[in-house]
Amino acid sequence: MELSIIALPLVASIISGFFGKFIGDRNSEIVTSLLVTISAIFSVLVFYEVTVNQYEENIIIATWINSGSLNVNWSMKIDALSSVMLVVVTSVSALVHIYSIGYMSHDPHKPRFMAYLSLFTFAMLMLVTSDNFIQLFFGWEGVGLCSYFLIGFWFKKETANAAAIKAFVVNRVGDFGFALGIFLIFYLFGTVNYSEVFELIPSITDKKLVFLGIEVNAINLICILLFVGAMGKSAQILLHTWLPDAMEGPTPVSALIHAATMVTAGVFLVVRCSPIYEYSELALNIITIVGMSTAFFAASVALVQNDIKKIIAYSTCSQLGYMFFAAGVGAYNVAMFHLFTHAFFKALLFLGSGSVIHAFKDEQNINNMGGVWKKLPYTYALMIIGTLALTGFPLLSGFYSKDAIIEFAYLRGNTTGFYAAGIGIFTAFLTSIYSWRLLFKTFHGEYNNKNIKIEETHESPFVMIAPLILLSIGAVFAGYAFKELFIGYEAANNFWKDSIFFLKPLSKDHPPFWFLILTPTLVILSIPIAYYLFVKNKRLPEQIVTINKPLYNFLLNKWYFDELYDVLFVRSSKKFGLFLWKFFDLKIIDGLGPDGISAMIKKFSIKANKFQSGFIYQYAFIMLVGFSALLTFLIVK
Amino acid sequence: MNFPIISSLILLPTIGAFFLFFTRSSEKNNNTVKYVALFTSFVNFFLSIYLWVLFDQTTSEFQFIEDRVWIENFINYKVGIDGISILFILLTTFITPLCILSINNSIKNRLSEFLIAVLIMESFMIGVFCSLDLVVFYLFFEAGLIPMFLIIGIWGGARRVYSAFKFFLYTLLGSVLMLVAIISIYWITGTTDVVELYKIGIDVKYQNLLWLAFFSSFAVKTPMWPVHTWLPDAHVEAPTAGSVLLAAILLKMAGYGFIRFSLGLFPVASEVFTPLIYALSVIAIIFTSFIALMQEDMKKLIAYSSVAHMGFVTLGIFTLQQQGIEGSIIQMISHGLVAAALFLCVGVVYDRMHSRLINTYGGIVSIIPKYSVLFMLFTLAALGLPGTSGFVGEFLILMAAFKDNFLVAVIASLGVIIGAAYMLWLYKRVVFGKLLNNNLKQMIDLNKSELFILSCLGIPTLFFGFYPDPLINTIEVSISDLIEMYNYKLVSKF
């Protein structure tokens, strides 16, 4: 049963990818959805076994790379951590598969799309169930590949292609750090298996390495390198630029890959490696700082964007930042909890926005929407649930996980912890504002679309609404239902056990009361504020924009990261390439090498040619000169 | 003495070529000619598979040795194989029939002569990988040049003569020095028998010079930076089948030479010059990757990427670690499959549109979907995606390099990022995007033989990506013993 969780999506992908033409569109949709759903059911069973019966297993499927002292297996490790990921991945994936049947109904390439989705699910499962770093890397690149395929799914769109390549290459930058981290681990321990590596970590806490004359602590270096990989995959600041562009892909893809599963792989990596990170204060602080910067940065950008999917994409980026700083303050289980709840409400929001886009016939600009809440009642209600859960409205899932992150940051008791808590609260407020802005501009106010009449907008079919309803149940109850299990006082002993390592047990104190109610108050207050700003008095935001034009442009252009990278990396690489080719290879190497030599020989032979003029008097003259020179030489000597 | 299986492997293609020699080449009997060549090379392929079955993986001793006196007290015709050679022999016998099969309409002129060149080259290449005498090795090594020179010079494109001469000049220059070195070895030790030389070793005071002489020949053939500029030109002008042979097999001779001779005969010098190799490899990886990024000609782009890939190979060999050398060999086998396939992919569209320029194409995915899928597979293998053979090699090499030298591994890993950029960008510009060029609409998808050839290359690419054990097991003992011998000689200084 365990193996079939991984195998079924692969089988689905092969059937739909290679035989989709023969079995037809509808059948490949049914087959893929069905197999992934079965896989999801099995995952839930495994999760149940793990929680109730303390089930743990490390299945070796086959050998992979066996070279000298390096032994890598294809494996499946089941413990609390991977079972949570199994549930998240397969259940969201199954719902997205079903949703796609409706969403992609007008697309001519359905089997291909379904095959990619299933293949992605397979790669993601390989990633989360690995028992070693190299299989993790396999899954890591595999999900990146599927993300590349799916972002560029509409291959005729130039922007989609560019976004796909950007996603892959930026991720490769992260993978570069990740791979170096793996090399370093292998160098230090001679193995890449989690259990063996984690066992040896305490023995090298004082080991120093010298790199380019700088002495660094080995564990710090490992942690930072692995984190670079995590930053790439989870779109943290500096390596985040690919995620908003990735919205070029179909919306179900954004929900599955760029919200619920793939982008959380970085968080998963950090949590999985908690036995290493616990020994590196430095790396944890870096993670906290990067996490909170991303959370704030992305939220600030999301405030002014107009593309419905980009807003949610930046929101994802921001929430991933939360997860990271949760891990950074040592609250790995809270990070996992937020990952878990986030998967539901963010997938819900994305799929909901997909439903809106579907209703408006591929319109994504929220300025061209509005006033349709009566026309799309289900979508509207479900989007409200998603928004409430995301903003952390009391008693919904985001409330439990996000507030717990802020509390644990506060309880960490060091400077970065306090900063993180402060920024976390402020960002929660921003999150609330931009989320409600999106909702109000999309559904309330006047109808602003000039291309299609309001009568033409229509609610989505049942096959799209049903997955939304299931997700909304998760968005409402996942927090309350799993709170004890994930982040309760005894969660570390009862549930997570060896899968997460805490060097020092998490603080069991409570923050002061005012602190506890601060975030929920802000979140609730922001609803009327947003309503006033974006529905009642629309002039006010416009005035704020005109007064703060430079700031607005700065945010609208996403802090100019893309422009900066374009100059720094893209253009300079091209220039450098041209220089090396046209100047170095052709002028210098060829010019001095083969071409130069052959030219020189030609020149010499032309010169030498002139000696053989065929005139006897010239030959006689040269003979005479030579003879007298020789004679002089002999006499003088 | 048993059945001389190695000599049969070497001779069989030549015998096939001999038969072709007597067939008059005309449009009419082109098919007959092709079948003869195909049959010969297939038989050879099965023979080599049989050899692999017989091969004993548990020892690093040379097997199937044939030793005959050629010139009394000077040269013996001595051939034999160990784990390192056999994979290259298999690669050669595997690629050649596919290569012959791929010639459909691209070569109409003098087909039988072309096939003679291909078959003779196969003979020579197999000879290179199994000769155990320096002189015999040298003869095969250099003779391999001639058929390739002819293939480029006769059946090549517009600038074929320039390219052929550039190719010839470069490679010959290095070879002359190697010949001098081989003669010196004979003067110093009194033998050119490799097995014997492994045992007695070569005096340390000569090693540096001898190493450099061998290096100059291998570096050109690898090709290493900065003597790589012949390769793009040669590839661009060569016909598709020629490019395939060049990339898949010819480039592997040098990598094999480094392992067999530079490491085996001159350990002390190899240790001395390792920094040089590292530097040149890293420069090759980074520089040529950047250059590949800017190419407008598909074949040139793949040629430059080959240089970068071979940079990984040389890097891995000189890490002198189990993972490094095994990685290098897997990388060479993988590159043999993938580069061959990529050149064939270029050949497929070239046959239809007669253009190798990237900007001729774009948006062909919906017109030729099968082609696009296979081209994607090889693109991914070229950029080293896990699950393809390209990953296993590259990852092992970098892992070993990291153990030896952080900085080198870090810079070389950067090449992996640029590698992804140029391959995906190439693919995007050729296959995706809007269909702007209306002529492309008439393109037909892969025919049966093209599909067969590319699948034959694709299946092992994937298979060894998921399960490289058959490769690794074959070479494991030979390499660990080679490293042991190397380290032993290093300590005892001979």
# chains A, B, ... in the order shown; residues from 1 in each chain; ligands from 1
$ interface_residues --of "chain B" --to "chain A" --cutoff "6 Å" --atoms "only C-alpha atoms" --output "list in words"
Phe290, Ile291, Met294, Gln322, Gln323, Pro386, Met399, Lys403, Ile417, Phe432, Gly433, Lys434 and Tyr467 of chain B
$ select_by_dssp --residues "segment 44-234 of chain B" --states "strand (DSSP E)" --output "PyMOL selection string"
chain B and resi 63-71+75-81
$ write_last_selection --atoms "N, CA and C atoms" --output "PDB file, in the first residue's frame"
ATOM      1  N   GLN B  63      41.668  -9.051 -19.672  1.00  0.00           N
ATOM      2  CA  GLN B  63      41.092 -10.321 -20.105  1.00  0.00           C
ATOM      3  C   GLN B  63      41.081 -10.419 -21.614  1.00  0.00           C
ATOM      4  N   PHE B  64      40.892 -11.642 -22.082  1.00  0.00           N
ATOM      5  CA  PHE B  64      40.844 -11.927 -23.528  1.00  0.00           C
ATOM      6  C   PHE B  64      42.104 -11.421 -24.236  1.00  0.00           C
ATOM      7  N   ILE B  65      43.229 -11.540 -23.562  1.00  0.00           N
ATOM      8  CA  ILE B  65      44.456 -10.983 -24.140  1.00  0.00           C
ATOM      9  C   ILE B  65      44.889 -11.783 -25.364  1.00  0.00           C
ATOM     10  N   GLU B  66      45.272 -11.055 -26.402  1.00  0.00           N
ATOM     11  CA  GLU B  66      45.903 -11.700 -27.563  1.00  0.00           C
ATOM     12  C   GLU B  66      47.251 -11.044 -27.730  1.00  0.00           C
ATOM     13  N   ASP B  67      48.259 -11.877 -27.842  1.00  0.00           N
ATOM     14  CA  ASP B  67      49.619 -11.339 -27.884  1.00  0.00           C
ATOM     15  C   ASP B  67      50.364 -12.012 -29.024  1.00  0.00           C
ATOM     16  N   ARG B  68      50.684 -11.253 -30.055  1.00  0.00           N
ATOM     17  CA  ARG B  68      51.418 -11.850 -31.168  1.00  0.00           C
ATOM     18  C   ARG B  68      52.586 -10.944 -31.518  1.00  0.00           C
ATOM     19  N   VAL B  69      53.681 -11.590 -31.887  1.00  0.00           N
ATOM     20  CA  VAL B  69      54.841 -10.791 -32.254  1.00  0.00           C
ATOM     21  C   VAL B  69      54.570 -10.108 -33.582  1.00  0.00           C
ATOM     22  N   TRP B  70      54.867  -8.822 -33.611  1.00  0.00           N
ATOM     23  CA  TRP B  70      54.663  -8.086 -34.848  1.00  0.00           C
ATOM     24  C   TRP B  70      56.032  -7.751 -35.437  1.00  0.00           C
ATOM     25  N   ILE B  71      56.822  -7.017 -34.679  1.00  0.00           N
ATOM     26  CA  ILE B  71      58.207  -6.794 -35.073  1.00  0.00           C
ATOM     27  C   ILE B  71      59.047  -7.358 -33.939  1.00  0.00           C
ATOM     28  N   ILE B  75      57.755  -4.572 -31.250  1.00  0.00           N
ATOM     29  CA  ILE B  75      56.329  -4.358 -31.075  1.00  0.00           C
ATOM     30  C   ILE B  75      55.595  -5.675 -31.099  1.00  0.00           C
ATOM     31  N   ASN B  76      54.738  -5.843 -30.117  1.00  0.00           N
ATOM     32  CA  ASN B  76      53.824  -6.969 -30.155  1.00  0.00           C
ATOM     33  C   ASN B  76      52.442  -6.440 -30.434  1.00  0.00           C
ATOM     34  N   TYR B  77      51.715  -7.175 -31.262  1.00  0.00           N
ATOM     35  CA  TYR B  77      50.306  -6.843 -31.408  1.00  0.00           C
ATOM     36  C   TYR B  77      49.622  -7.413 -30.194  1.00  0.00           C
ATOM     37  N   LYS B  78      49.345  -6.532 -29.207  1.00  0.00           N
ATOM     38  CA  LYS B  78      48.773  -7.043 -27.967  1.00  0.00           C
ATOM     39  C   LYS B  78      47.474  -6.292 -27.670  1.00  0.00           C
ATOM     40  N   VAL B  79      46.403  -7.050 -27.563  1.00  0.00           N
ATOM     41  CA  VAL B  79      45.128  -6.425 -27.230  1.00  0.00           C
ATOM     42  C   VAL B  79      44.470  -7.185 -26.088  1.00  0.00           C
ATOM     43  N   GLY B  80      43.610  -6.491 -25.375  1.00  0.00           N
ATOM     44  CA  GLY B  80      42.914  -7.104 -24.249  1.00  0.00           C
ATOM     45  C   GLY B  80      42.053  -6.044 -23.600  1.00  0.00           C
ATOM     46  N   ILE B  81      41.170  -6.474 -22.736  1.00  0.00           N
ATOM     47  CA  ILE B  81      40.263  -5.472 -22.157  1.00  0.00           C
ATOM     48  C   ILE B  81      40.189  -5.620 -20.644  1.00  0.00           C
TER      49      ILE B  81
END
$ closest_residue --among "B:Gly242, B:Gly257, B:Gly174, B:Pro468" --to "Ser131 of chain B" --atoms "only C-alpha atoms"
B:Gly257
$ atom_distance --atom1 "atom CA of Ile249 of chain B" --atom2 "atom CA of Phe218 of chain B"
13.9 Å
$ closest_atom_pairs --of "segment 516-628 of chain A" --to "segment 387-402 of chain A" --cutoff "9 Å" --atoms "only C-alpha atoms" --output "CSV"
residue,atom,partner,partner_atom,distance
A:Thr519,CA,A:Gly392,CA,8.4
A:Pro520,CA,A:Phe393,CA,6.4
A:Val523,CA,A:Phe393,CA,6.5
A:Ile524,CA,A:Phe393,CA,6.9
$ residues_around --residues "segment 219-230 of chain B" --least-positions-apart "4" --cutoff "8 Å" --atoms "only C-alpha atoms" --output "list of chain:residue names"
A:Asp585, A:Ile589, A:Asp590, B:Ser163, B:Lys166, B:Phe167, B:Tyr170, B:Thr171, B:Gly174, B:Phe215, B:Ala234, B:Leu250, B:Leu251, B:Lys252, B:Met253, B:Ala254, B:Gly255, B:Leu280, B:Ser281, B:Ile283, B:Ala284, B:Val307, B:Met310, B:Gly311
$ select_by_dssp --residues "segment 51-125 of chain A" --states "alpha helix (DSSP H)" --output "VMD selection string"
chain A and resid 51 to 53 80 to 103 110 to 125
$ residues_around --residues "segment 310-327 of chain A" --least-positions-apart "5" --cutoff "7 Å" --atoms "only C-alpha atoms" --output "ChimeraX atom specification"
/A:234-236,243-244,247,259,267,271,287-288,291-292,294-296,298-299,302,305,332,334-335,338-339,405,409
$ write_last_selection --atoms "C-alpha atoms" --output "short mmCIF file (atom, residue, chain, number, x, y, z; two decimals), in the first residue's frame"
data_model
loop_
_atom_site.label_atom_id
_atom_site.label_comp_id
_atom_site.auth_asym_id
_atom_site.auth_seq_id
_atom_site.Cartn_x
_atom_site.Cartn_y
_atom_site.Cartn_z
CA SER A 234 10.33 28.27 -1.71
CA ALA A 235 10.77 31.60 -3.46
CA GLN A 236 12.37 33.51 -0.62
CA LEU A 243 7.17 32.69 -8.49
CA PRO A 244 5.04 35.66 -9.61
CA MET A 247 1.43 32.52 -12.70
CA ALA A 259 0.87 27.35 -3.43
CA VAL A 267 10.28 24.46 4.42
CA VAL A 271 12.28 20.80 9.04
CA ILE A 287 16.51 31.75 8.21
CA THR A 288 14.51 33.93 10.56
CA GLY A 291 11.79 34.55 6.35
CA MET A 292 10.59 37.75 7.92
CA THR A 294 10.24 37.83 2.59
CA ALA A 295 7.02 37.92 4.55
CA PHE A 296 7.13 41.70 4.71
CA ALA A 298 5.95 40.10 -0.51
CA ALA A 299 3.04 41.51 1.47
CA ALA A 302 0.87 42.38 -2.94
CA GLN A 305 -0.69 44.54 -7.67
CA TYR A 332 9.59 23.41 13.32
CA VAL A 334 4.57 25.14 13.98
CA ALA A 335 6.12 25.69 10.57
CA HIS A 338 1.23 26.43 8.95
CA LEU A 339 2.36 24.52 5.88
CA ILE A 405 4.18 31.36 14.71
CA ALA A 409 8.85 33.97 17.71
#
$ residues_around --residues "Asn493 of chain A" --least-positions-apart "4" --cutoff "12 Å" --atoms "only C-alpha atoms" --output "PDB file with C-alpha atoms, in the first residue's frame"
ATOM      1  CA  THR A  51      -0.822   9.015  14.414  1.00  0.00           C
ATOM      2  CA  GLN A  54       2.964   4.961  15.916  1.00  0.00           C
ATOM      3  CA  ALA A  80       5.242  11.649  11.136  1.00  0.00           C
ATOM      4  CA  ASN A 333       6.319  21.789  14.200  1.00  0.00           C
ATOM      5  CA  LEU A 485      -1.641  16.955  17.360  1.00  0.00           C
ATOM      6  CA  PHE A 486       0.761  19.309  15.622  1.00  0.00           C
ATOM      7  CA  ILE A 487       1.610  21.970  18.174  1.00  0.00           C
ATOM      8  CA  GLY A 488       0.171  20.795  21.460  1.00  0.00           C
ATOM      9  CA  TYR A 489       2.390  20.632  24.541  1.00  0.00           C
ATOM     10  CA  LYS A 497       9.049  11.866  17.706  1.00  0.00           C
ATOM     11  CA  ASP A 498      12.309  11.395  15.806  1.00  0.00           C
ATOM     12  CA  SER A 499      11.194  13.128  12.668  1.00  0.00           C
ATOM     13  CA  ILE A 500      11.782  16.552  14.217  1.00  0.00           C
ATOM     14  CA  PHE A 501      14.625  17.200  16.575  1.00  0.00           C
ATOM     15  CA  PHE A 502      14.522  19.837  19.309  1.00  0.00           C
ATOM     16  CA  PRO A 505      12.321  21.811  24.207  1.00  0.00           C
ATOM     17  CA  LEU A 506      10.011  24.552  22.987  1.00  0.00           C
TER      18      LEU A 506
END
$ closest_residue --among "B:Val195, B:Leu265, B:Phe88, B:Ala409" --to "Ala279 of chain B" --atoms "only C-alpha atoms"
B:Ala409
$ residues_around --residues "segment 531-543 of chain A" --least-positions-apart "5" --cutoff "9 Å" --atoms "only C-alpha atoms" --output "PDB file with N, CA and C atoms, in the first residue's frame"
ATOM      1  N   TRP A 436      -8.420  41.504   1.515  1.00  0.00           N
ATOM      2  CA  TRP A 436      -9.769  42.079   1.396  1.00  0.00           C
ATOM      3  C   TRP A 436      -9.859  43.000   0.200  1.00  0.00           C
ATOM      4  N   ARG A 437      -8.763  43.657  -0.113  1.00  0.00           N
ATOM      5  CA  ARG A 437      -8.759  44.501  -1.314  1.00  0.00           C
ATOM      6  C   ARG A 437      -9.113  43.647  -2.524  1.00  0.00           C
ATOM      7  N   PHE A 440     -12.852  42.595  -2.311  1.00  0.00           N
ATOM      8  CA  PHE A 440     -13.810  43.667  -2.580  1.00  0.00           C
ATOM      9  C   PHE A 440     -13.740  44.126  -4.019  1.00  0.00           C
ATOM     10  N   LYS A 441     -12.534  44.254  -4.544  1.00  0.00           N
ATOM     11  CA  LYS A 441     -12.423  44.733  -5.925  1.00  0.00           C
ATOM     12  C   LYS A 441     -12.971  43.712  -6.913  1.00  0.00           C
ATOM     13  N   HIS A 444     -17.221  43.227  -5.279  1.00  0.00           N
ATOM     14  CA  HIS A 444     -18.106  44.326  -4.901  1.00  0.00           C
ATOM     15  C   HIS A 444     -17.892  45.531  -5.810  1.00  0.00           C
ATOM     16  N   GLY A 445     -18.538  46.620  -5.446  1.00  0.00           N
ATOM     17  CA  GLY A 445     -18.410  47.835  -6.230  1.00  0.00           C
ATOM     18  C   GLY A 445     -19.133  47.706  -7.554  1.00  0.00           C
ATOM     19  N   GLU A 446     -18.724  48.548  -8.540  1.00  0.00           N
ATOM     20  CA  GLU A 446     -19.409  48.488  -9.828  1.00  0.00           C
ATOM     21  C   GLU A 446     -18.761  47.433 -10.717  1.00  0.00           C
ATOM     22  N   SER A 526      -9.104  45.307  10.132  1.00  0.00           N
ATOM     23  CA  SER A 526      -8.720  45.607   8.761  1.00  0.00           C
ATOM     24  C   SER A 526      -9.875  45.393   7.781  1.00  0.00           C
ATOM     25  N   ASN A 548       2.181  59.552  -2.798  1.00  0.00           N
ATOM     26  CA  ASN A 548       3.386  58.744  -2.634  1.00  0.00           C
ATOM     27  C   ASN A 548       3.782  58.038  -3.931  1.00  0.00           C
TER      28      ASN A 548
END
$ closest_residue --among "A:Ala475, A:Ala381, A:Val46, A:Ile406" --to "Ile517 of chain A" --atoms "only C-alpha atoms"
A:Ile406
$ residues_around --residues "Ile116 of chain B" --least-positions-apart "4" --cutoff "10 Å" --atoms "only C-alpha atoms" --output "list in words"
Pro13, Thr14, Ile15, Gly16, Ala17, Phe18, Phe19, Leu20, Phe21, Val33, Ala37, Leu111, Ser112, Ile120, Met121, Glu122 and Pro147 of chain B
$ write_last_selection --atoms "N, CA and C atoms" --output "PDB file, in the first residue's frame"
ATOM      1  N   PRO B  13      34.412  -5.005 -38.899  1.00  0.00           N
ATOM      2  CA  PRO B  13      33.975  -3.864 -39.705  1.00  0.00           C
ATOM      3  C   PRO B  13      34.849  -3.665 -40.939  1.00  0.00           C
ATOM      4  N   THR B  14      36.146  -3.941 -40.792  1.00  0.00           N
ATOM      5  CA  THR B  14      37.034  -3.778 -41.937  1.00  0.00           C
ATOM      6  C   THR B  14      36.667  -4.763 -43.041  1.00  0.00           C
ATOM      7  N   ILE B  15      36.307  -5.966 -42.631  1.00  0.00           N
ATOM      8  CA  ILE B  15      35.900  -6.955 -43.640  1.00  0.00           C
ATOM      9  C   ILE B  15      34.646  -6.470 -44.365  1.00  0.00           C
ATOM     10  N   GLY B  16      33.722  -5.934 -43.574  1.00  0.00           N
ATOM     11  CA  GLY B  16      32.522  -5.360 -44.183  1.00  0.00           C
ATOM     12  C   GLY B  16      32.891  -4.277 -45.177  1.00  0.00           C
ATOM     13  N   ALA B  17      33.818  -3.426 -44.763  1.00  0.00           N
ATOM     14  CA  ALA B  17      34.249  -2.336 -45.624  1.00  0.00           C
ATOM     15  C   ALA B  17      34.877  -2.884 -46.901  1.00  0.00           C
ATOM     16  N   PHE B  18      35.594  -3.983 -46.747  1.00  0.00           N
ATOM     17  CA  PHE B  18      36.256  -4.604 -47.879  1.00  0.00           C
ATOM     18  C   PHE B  18      35.231  -5.045 -48.927  1.00  0.00           C
ATOM     19  N   PHE B  19      34.125  -5.618 -48.443  1.00  0.00           N
ATOM     20  CA  PHE B  19      33.059  -6.008 -49.375  1.00  0.00           C
ATOM     21  C   PHE B  19      32.481  -4.794 -50.084  1.00  0.00           C
ATOM     22  N   LEU B  20      32.287  -3.737 -49.312  1.00  0.00           N
ATOM     23  CA  LEU B  20      31.711  -2.529 -49.901  1.00  0.00           C
ATOM     24  C   LEU B  20      32.615  -1.961 -50.988  1.00  0.00           C
ATOM     25  N   PHE B  21      33.895  -2.204 -50.784  1.00  0.00           N
ATOM     26  CA  PHE B  21      34.878  -1.672 -51.706  1.00  0.00           C
ATOM     27  C   PHE B  21      34.597  -2.141 -53.127  1.00  0.00           C
ATOM     28  N   VAL B  33      24.060  -1.462 -50.352  1.00  0.00           N
ATOM     29  CA  VAL B  33      25.279  -1.022 -49.677  1.00  0.00           C
ATOM     30  C   VAL B  33      25.005  -0.769 -48.203  1.00  0.00           C
ATOM     31  N   ALA B  37      26.547  -2.721 -44.718  1.00  0.00           N
ATOM     32  CA  ALA B  37      27.212  -2.023 -43.618  1.00  0.00           C
ATOM     33  C   ALA B  37      26.454  -2.226 -42.311  1.00  0.00           C
ATOM     34  N   LEU B 111      27.852   6.926 -51.500  1.00  0.00           N
ATOM     35  CA  LEU B 111      27.414   6.356 -50.229  1.00  0.00           C
ATOM     36  C   LEU B 111      28.327   5.225 -49.782  1.00  0.00           C
ATOM     37  N   SER B 112      28.732   4.374 -50.718  1.00  0.00           N
ATOM     38  CA  SER B 112      29.514   3.225 -50.267  1.00  0.00           C
ATOM     39  C   SER B 112      30.866   3.670 -49.716  1.00  0.00           C
ATOM     40  N   ILE B 120      35.549   1.566 -41.227  1.00  0.00           N
ATOM     41  CA  ILE B 120      36.972   1.521 -40.891  1.00  0.00           C
ATOM     42  C   ILE B 120      37.217   2.281 -39.598  1.00  0.00           C
ATOM     43  N   MET B 121      36.477   3.382 -39.460  1.00  0.00           N
ATOM     44  CA  MET B 121      36.650   4.136 -38.228  1.00  0.00           C
ATOM     45  C   MET B 121      36.231   3.282 -37.027  1.00  0.00           C
ATOM     46  N   GLU B 122      35.164   2.539 -37.174  1.00  0.00           N
ATOM     47  CA  GLU B 122      34.744   1.678 -36.062  1.00  0.00           C
ATOM     48  C   GLU B 122      35.878   0.731 -35.680  1.00  0.00           C
ATOM     49  N   PRO B 147      39.719   8.632 -41.466  1.00  0.00           N
ATOM     50  CA  PRO B 147      38.329   8.555 -41.935  1.00  0.00           C
ATOM     51  C   PRO B 147      37.514   9.786 -41.570  1.00  0.00           C
TER      52      PRO B 147
END
$ closest_residue --among "B:Val410, B:Ile202, B:Ile302, B:Leu315" --to "Thr189 of chain B" --atoms "only C-alpha atoms"
B:Ile202
$ closest_residue --among "B:Thr23, B:Ser449, B:Asn2, B:Thr319" --to "Ile259 of chain B" --atoms "only C-alpha atoms"
B:Thr319
$ closest_residue --among "B:Thr360, B:Ser355, B:Ser455, B:Thr92" --to "Leu374 of chain B" --atoms "only C-alpha atoms"
B:Ser455
$ decode --residues "segment 286-298 of chain B" --atoms "N, CA and C atoms" --output "mmCIF file, in the first residue's frame"
data_model
loop_
_atom_site.group_PDB
_atom_site.id
_atom_site.type_symbol
_atom_site.label_atom_id
_atom_site.label_comp_id
_atom_site.auth_asym_id
_atom_site.auth_seq_id
_atom_site.Cartn_x
_atom_site.Cartn_y
_atom_site.Cartn_z
ATOM 1 N N ILE B 286 33.060 26.702 -17.640
ATOM 2 C CA ILE B 286 32.412 28.005 -17.526
ATOM 3 C C ILE B 286 32.409 28.756 -18.857
ATOM 4 N N PHE B 287 33.587 28.889 -19.462
ATOM 5 C CA PHE B 287 33.693 29.697 -20.681
ATOM 6 C C PHE B 287 32.821 29.142 -21.792
ATOM 7 N N THR B 288 32.968 27.849 -22.051
ATOM 8 C CA THR B 288 32.222 27.340 -23.200
ATOM 9 C C THR B 288 30.727 27.320 -22.932
ATOM 10 N N SER B 289 30.336 27.232 -21.655
ATOM 11 C CA SER B 289 28.905 27.314 -21.381
ATOM 12 C C SER B 289 28.374 28.695 -21.733
ATOM 13 N N PHE B 290 29.145 29.709 -21.377
ATOM 14 C CA PHE B 290 28.714 31.065 -21.740
ATOM 15 C C PHE B 290 28.671 31.227 -23.254
ATOM 16 N N ILE B 291 29.676 30.651 -23.916
ATOM 17 C CA ILE B 291 29.697 30.778 -25.369
ATOM 18 C C ILE B 291 28.490 30.063 -25.972
ATOM 19 N N ALA B 292 28.183 28.884 -25.425
ATOM 20 C CA ALA B 292 27.048 28.123 -25.951
ATOM 21 C C ALA B 292 25.764 28.929 -25.847
ATOM 22 N N LEU B 293 25.675 29.720 -24.795
ATOM 23 C CA LEU B 293 24.480 30.532 -24.583
ATOM 24 C C LEU B 293 24.190 31.438 -25.781
ATOM 25 N N MET B 294 25.239 31.900 -26.425
ATOM 26 C CA MET B 294 25.065 32.918 -27.459
ATOM 27 C C MET B 294 25.057 32.372 -28.877
ATOM 28 N N GLN B 295 25.109 31.057 -29.049
ATOM 29 C CA GLN B 295 25.202 30.525 -30.410
ATOM 30 C C GLN B 295 23.896 30.673 -31.171
ATOM 31 N N GLU B 296 24.050 30.871 -32.462
ATOM 32 C CA GLU B 296 22.862 30.983 -33.316
ATOM 33 C C GLU B 296 22.661 29.714 -34.135
ATOM 34 N N ASP B 297 23.701 28.894 -34.179
ATOM 35 C CA ASP B 297 23.670 27.671 -34.966
ATOM 36 C C ASP B 297 23.499 26.504 -33.992
ATOM 37 N N MET B 298 22.494 25.678 -34.232
ATOM 38 C CA MET B 298 22.204 24.605 -33.273
ATOM 39 C C MET B 298 23.388 23.666 -33.084
#
